[in-house]
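Below is one structure, written out as structure tokens; the observations come after it.
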Amino acid sequence: MANKNLNAAKKARKDEFYTQLEDIERELQHYGPHFAGKTVLCNCDDPFESNFFKYFALRFNQLGLKKLICTCYNGSPVQGDELPLPFAEFEPKKLAHKVVITEVKDLNGDGAIDLTDVRILLQNDKNTISQLQTGDFRSEECIELLKEADIVVTNPPFSLFREYIAQLVAYEKKFLIIGNINSISCKEIYPLFAQNKVWLGPSISSGDRKFYVPDDYPLNAAGCGIDEFGKHFIRVKGVRWFTNLDHKKRHEELILVCRYSAEEYPTYDNYAAIHVQNTLDIPCDYKEAMGVPITFLDKYDPDQFDIIGITDNDFPVKELLIKGCKRYDRPYLKGVRKIYRLIIRHKHPQVL
Ligand SMILES: C[S@@+](CC[C@H](N)C(=O)[O-])C[C@H]1O[C@@H](n2cnc3c(N)ncnc32)[C@H](O)[C@@H]1O
């Protein structure tokens, strides 16, 4: 039992990654009009440390928000940057709580946001029926808040990502959340992309991202460290924004200059699809199925391509599986097993 608790605690610690304000700003600038008159929920966010809360509180009027709700899970080990008043003066609580803002007044009319007159409600979740921790996004009280929300924006716990996104979809919510691109190969997530119910946000498409972590978090990977203010950070690869809010970039057609040739684009041993090494190498004139890297999704325009499958999980492109080949495997080229691929097709292949 003790071990079980320890493992659960270790797992929970792995979820303590705090998003930088600049990463939030870079992404949110693509969605302005979506937020007017809306209730925003940040449901994995301690308002005393979350930059998501900070972002929406400071831009409450600029975005024309109706309401901002922020809920915090039990325990909150890292203090955030300087917090907007009145929160800086407020004794941070380590217990689950929520903050609800319906109004941010600019009393002196100087354009600066004055948060001294906002309405704050803090309430402990008395969830005694279920086994869930207080403030858990799956708890009854948090689900009631979810129902009230129009848009959910946060960086949820990575260890619960699939469940988290499934809940948003089940409650038909609009959302903008941080996740890892590799989660797309999961059977819970891939279909959402194939059906154009979820897509990637525009601001992150390569490299790694810096997240603050608790002081006792192991800093043993490359690129981790302690900044000039003594705050511990790690760098994470594969970070992306997952959303169902429309944005301009996903309607920008990818300019393609390569043409198909059997030599340059071999067909897989086990799938009736050609291998395309890089997204920019997609031949503009090929009518059939093509295997592309998962990062194709950074450039995906739904008016240009259809996503028809993904190899290596429960959603194989059955009709493309070459007879006698093993199901659910990655693609092979001349006997060599390749990394998993998205299978796509042009909607309007060029006729040259
Ligand atoms: C990746 S961190 C991100 C924190 C914050 N959203 C941010 O971006 O800075 C995920 C947060 O979710 C919290 N959390 C973990 N499990 C949760 C659950 N079941 N329900 C709600 N929050 C949870 C963790 O305590 C952690 O603070």
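Just remember, in the structure tokens the first chain shown is A, the second B, etc., residues are 1-based per chain, and ligands are 1-based in the order shown.
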If DSSP is run on the backbone, what residues of stretch 188-281 of chain A are strand (DSSP E or B)? A reply as a ChimeraX atom specification would be ideal.
/A:199-200,208-212,225-226,232-237,239-243,267,271,274-275
Neighbours of ligand 1 within 6 Å, counting only C-alpha atoms and all ligand atoms, as a ChimeraX atom specification?
/A:15-19,44-45,50-51,73,135-137,154-157
Between atom CA of A:Lys237 and atom CA of A:Ile294, what is the distance, to one decimal in Å?
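According to the coordinates, atom CA of A:Lys237 and atom CA of A:Ile294 are separated by 13.9 Å.
One distance worth recording is that between atom CA of A:Tyr332 and atom CA of A:Thr311, which is 10.5 Å.
Comparing A:Ile181, A:Leu58, A:Leu63, A:Ala262 by their smallest distance to A:His34, the closest is A:Leu63 (using only C-alpha atoms).
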May I have the residues within 12 Å of A:Leu245 as a ChimeraX atom specification, using only C-alpha atoms and disregarding those fewer than 4 positions away in the same chain?
/A:27-28,30-35,150-153,173-177,196-202,241,249-250
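Going from atom CA of A:Ser139 to atom CA of A:Gln167 covers 11.4 Å.
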Residue set, stretch 39-276 of chain A restricted to helix (DSSP H, G or I), as number ranges by chain
A: 51-58, 60-63, 87-89, 140-148, 158-170, 181-185, 190-194, 248-251
Restricting it to C-alpha atoms, dump the selection as an mmCIF file, in the first residue's frame.
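Saved result, result.cif, follows:
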data_model
loop_
_atom_site.group_PDB
_atom_site.id
_atom_site.type_symbol
_atom_site.label_atom_id
_atom_site.label_comp_id
_atom_site.auth_asym_id
_atom_site.auth_seq_id
_atom_site.Cartn_x
_atom_site.Cartn_y
_atom_site.Cartn_z
ATOM 1 C CA ASN A 51 0.330 31.740 -16.036
ATOM 2 C CA PHE A 52 -2.907 30.701 -17.731
ATOM 3 C CA PHE A 53 -4.800 32.407 -14.928
ATOM 4 C CA LYS A 54 -2.464 35.377 -15.105
ATOM 5 C CA TYR A 55 -2.922 35.695 -18.864
ATOM 6 C CA PHE A 56 -6.740 35.651 -18.766
ATOM 7 C CA ALA A 57 -7.039 37.816 -15.642
ATOM 8 C CA LEU A 58 -4.857 40.531 -17.137
ATOM 9 C CA PHE A 60 -10.124 39.907 -19.192
ATOM 10 C CA ASN A 61 -11.448 43.165 -20.676
ATOM 11 C CA GLN A 62 -9.293 43.152 -23.791
ATOM 12 C CA LEU A 63 -10.650 39.729 -24.764
ATOM 13 C CA PHE A 87 -3.714 37.795 -5.448
ATOM 14 C CA ALA A 88 -0.202 38.802 -4.452
ATOM 15 C CA GLU A 89 -1.541 39.780 -1.047
ATOM 16 C CA GLU A 140 -18.501 16.270 -9.782
ATOM 17 C CA GLU A 141 -17.875 19.850 -8.770
ATOM 18 C CA CYS A 142 -15.299 20.378 -11.524
ATOM 19 C CA ILE A 143 -17.572 18.763 -14.100
ATOM 20 C CA GLU A 144 -20.302 21.232 -13.158
ATOM 21 C CA LEU A 145 -17.814 24.038 -13.865
ATOM 22 C CA LEU A 146 -16.863 22.364 -17.123
ATOM 23 C CA LYS A 147 -20.498 22.336 -18.194
ATOM 24 C CA GLU A 148 -20.653 26.061 -17.530
ATOM 25 C CA PHE A 158 0.477 14.619 -18.968
ATOM 26 C CA SER A 159 -0.195 11.297 -17.225
ATOM 27 C CA LEU A 160 -3.960 11.839 -17.667
ATOM 28 C CA PHE A 161 -3.889 13.484 -21.080
ATOM 29 C CA ARG A 162 -6.037 10.908 -22.900
ATOM 30 C CA GLU A 163 -8.704 10.957 -20.237
ATOM 31 C CA TYR A 164 -8.553 14.725 -20.086
ATOM 32 C CA ILE A 165 -9.132 15.272 -23.805
ATOM 33 C CA ALA A 166 -11.809 12.540 -23.902
ATOM 34 C CA GLN A 167 -13.746 14.419 -21.203
ATOM 35 C CA LEU A 168 -13.574 17.679 -23.167
ATOM 36 C CA VAL A 169 -14.846 15.939 -26.284
ATOM 37 C CA ALA A 170 -17.596 14.133 -24.344
ATOM 38 C CA ILE A 181 2.625 15.249 -30.400
ATOM 39 C CA ASN A 182 3.327 11.552 -29.830
ATOM 40 C CA SER A 183 0.025 11.120 -28.012
ATOM 41 C CA ILE A 184 -1.569 11.321 -31.469
ATOM 42 C CA SER A 185 -0.724 7.669 -32.071
ATOM 43 C CA TYR A 190 -5.828 9.686 -33.502
ATOM 44 C CA PRO A 191 -9.512 9.485 -34.598
ATOM 45 C CA LEU A 192 -10.085 13.034 -33.367
ATOM 46 C CA PHE A 193 -7.404 14.269 -35.777
ATOM 47 C CA ALA A 194 -8.591 12.072 -38.657
ATOM 48 C CA LYS A 248 -5.797 30.965 -39.938
ATOM 49 C CA LYS A 249 -2.713 28.793 -40.321
ATOM 50 C CA ARG A 250 -4.654 25.563 -40.711
ATOM 51 C CA HIS A 251 -6.180 26.947 -43.906
#
Option closest in space to A:Lys38, from A:Leu68, A:Ile307, A:Val292, A:Cys325 [counting only C-alpha atoms]
A:Leu68
Report the closest atom pair, with its distance in Å rounded to one decimal, for each residue of stretch 300-331 of chain A that has an atom no farther than 7 Å from stretch 268-278 of chain A; count only C-alpha atoms, sort by chain and then rising residue number, and write it as a tab-separated table.
residue	atom	partner	partner_atom	distance
A:Leu320	CA	A:Ala272	CA	4.9
A:Leu321	CA	A:Tyr271	CA	4.6
A:Ile322	CA	A:Asn270	CA	5.1
A:Cys325	CA	A:Asn270	CA	5.7
A:Pro331	CA	A:Tyr268	CA	6.1
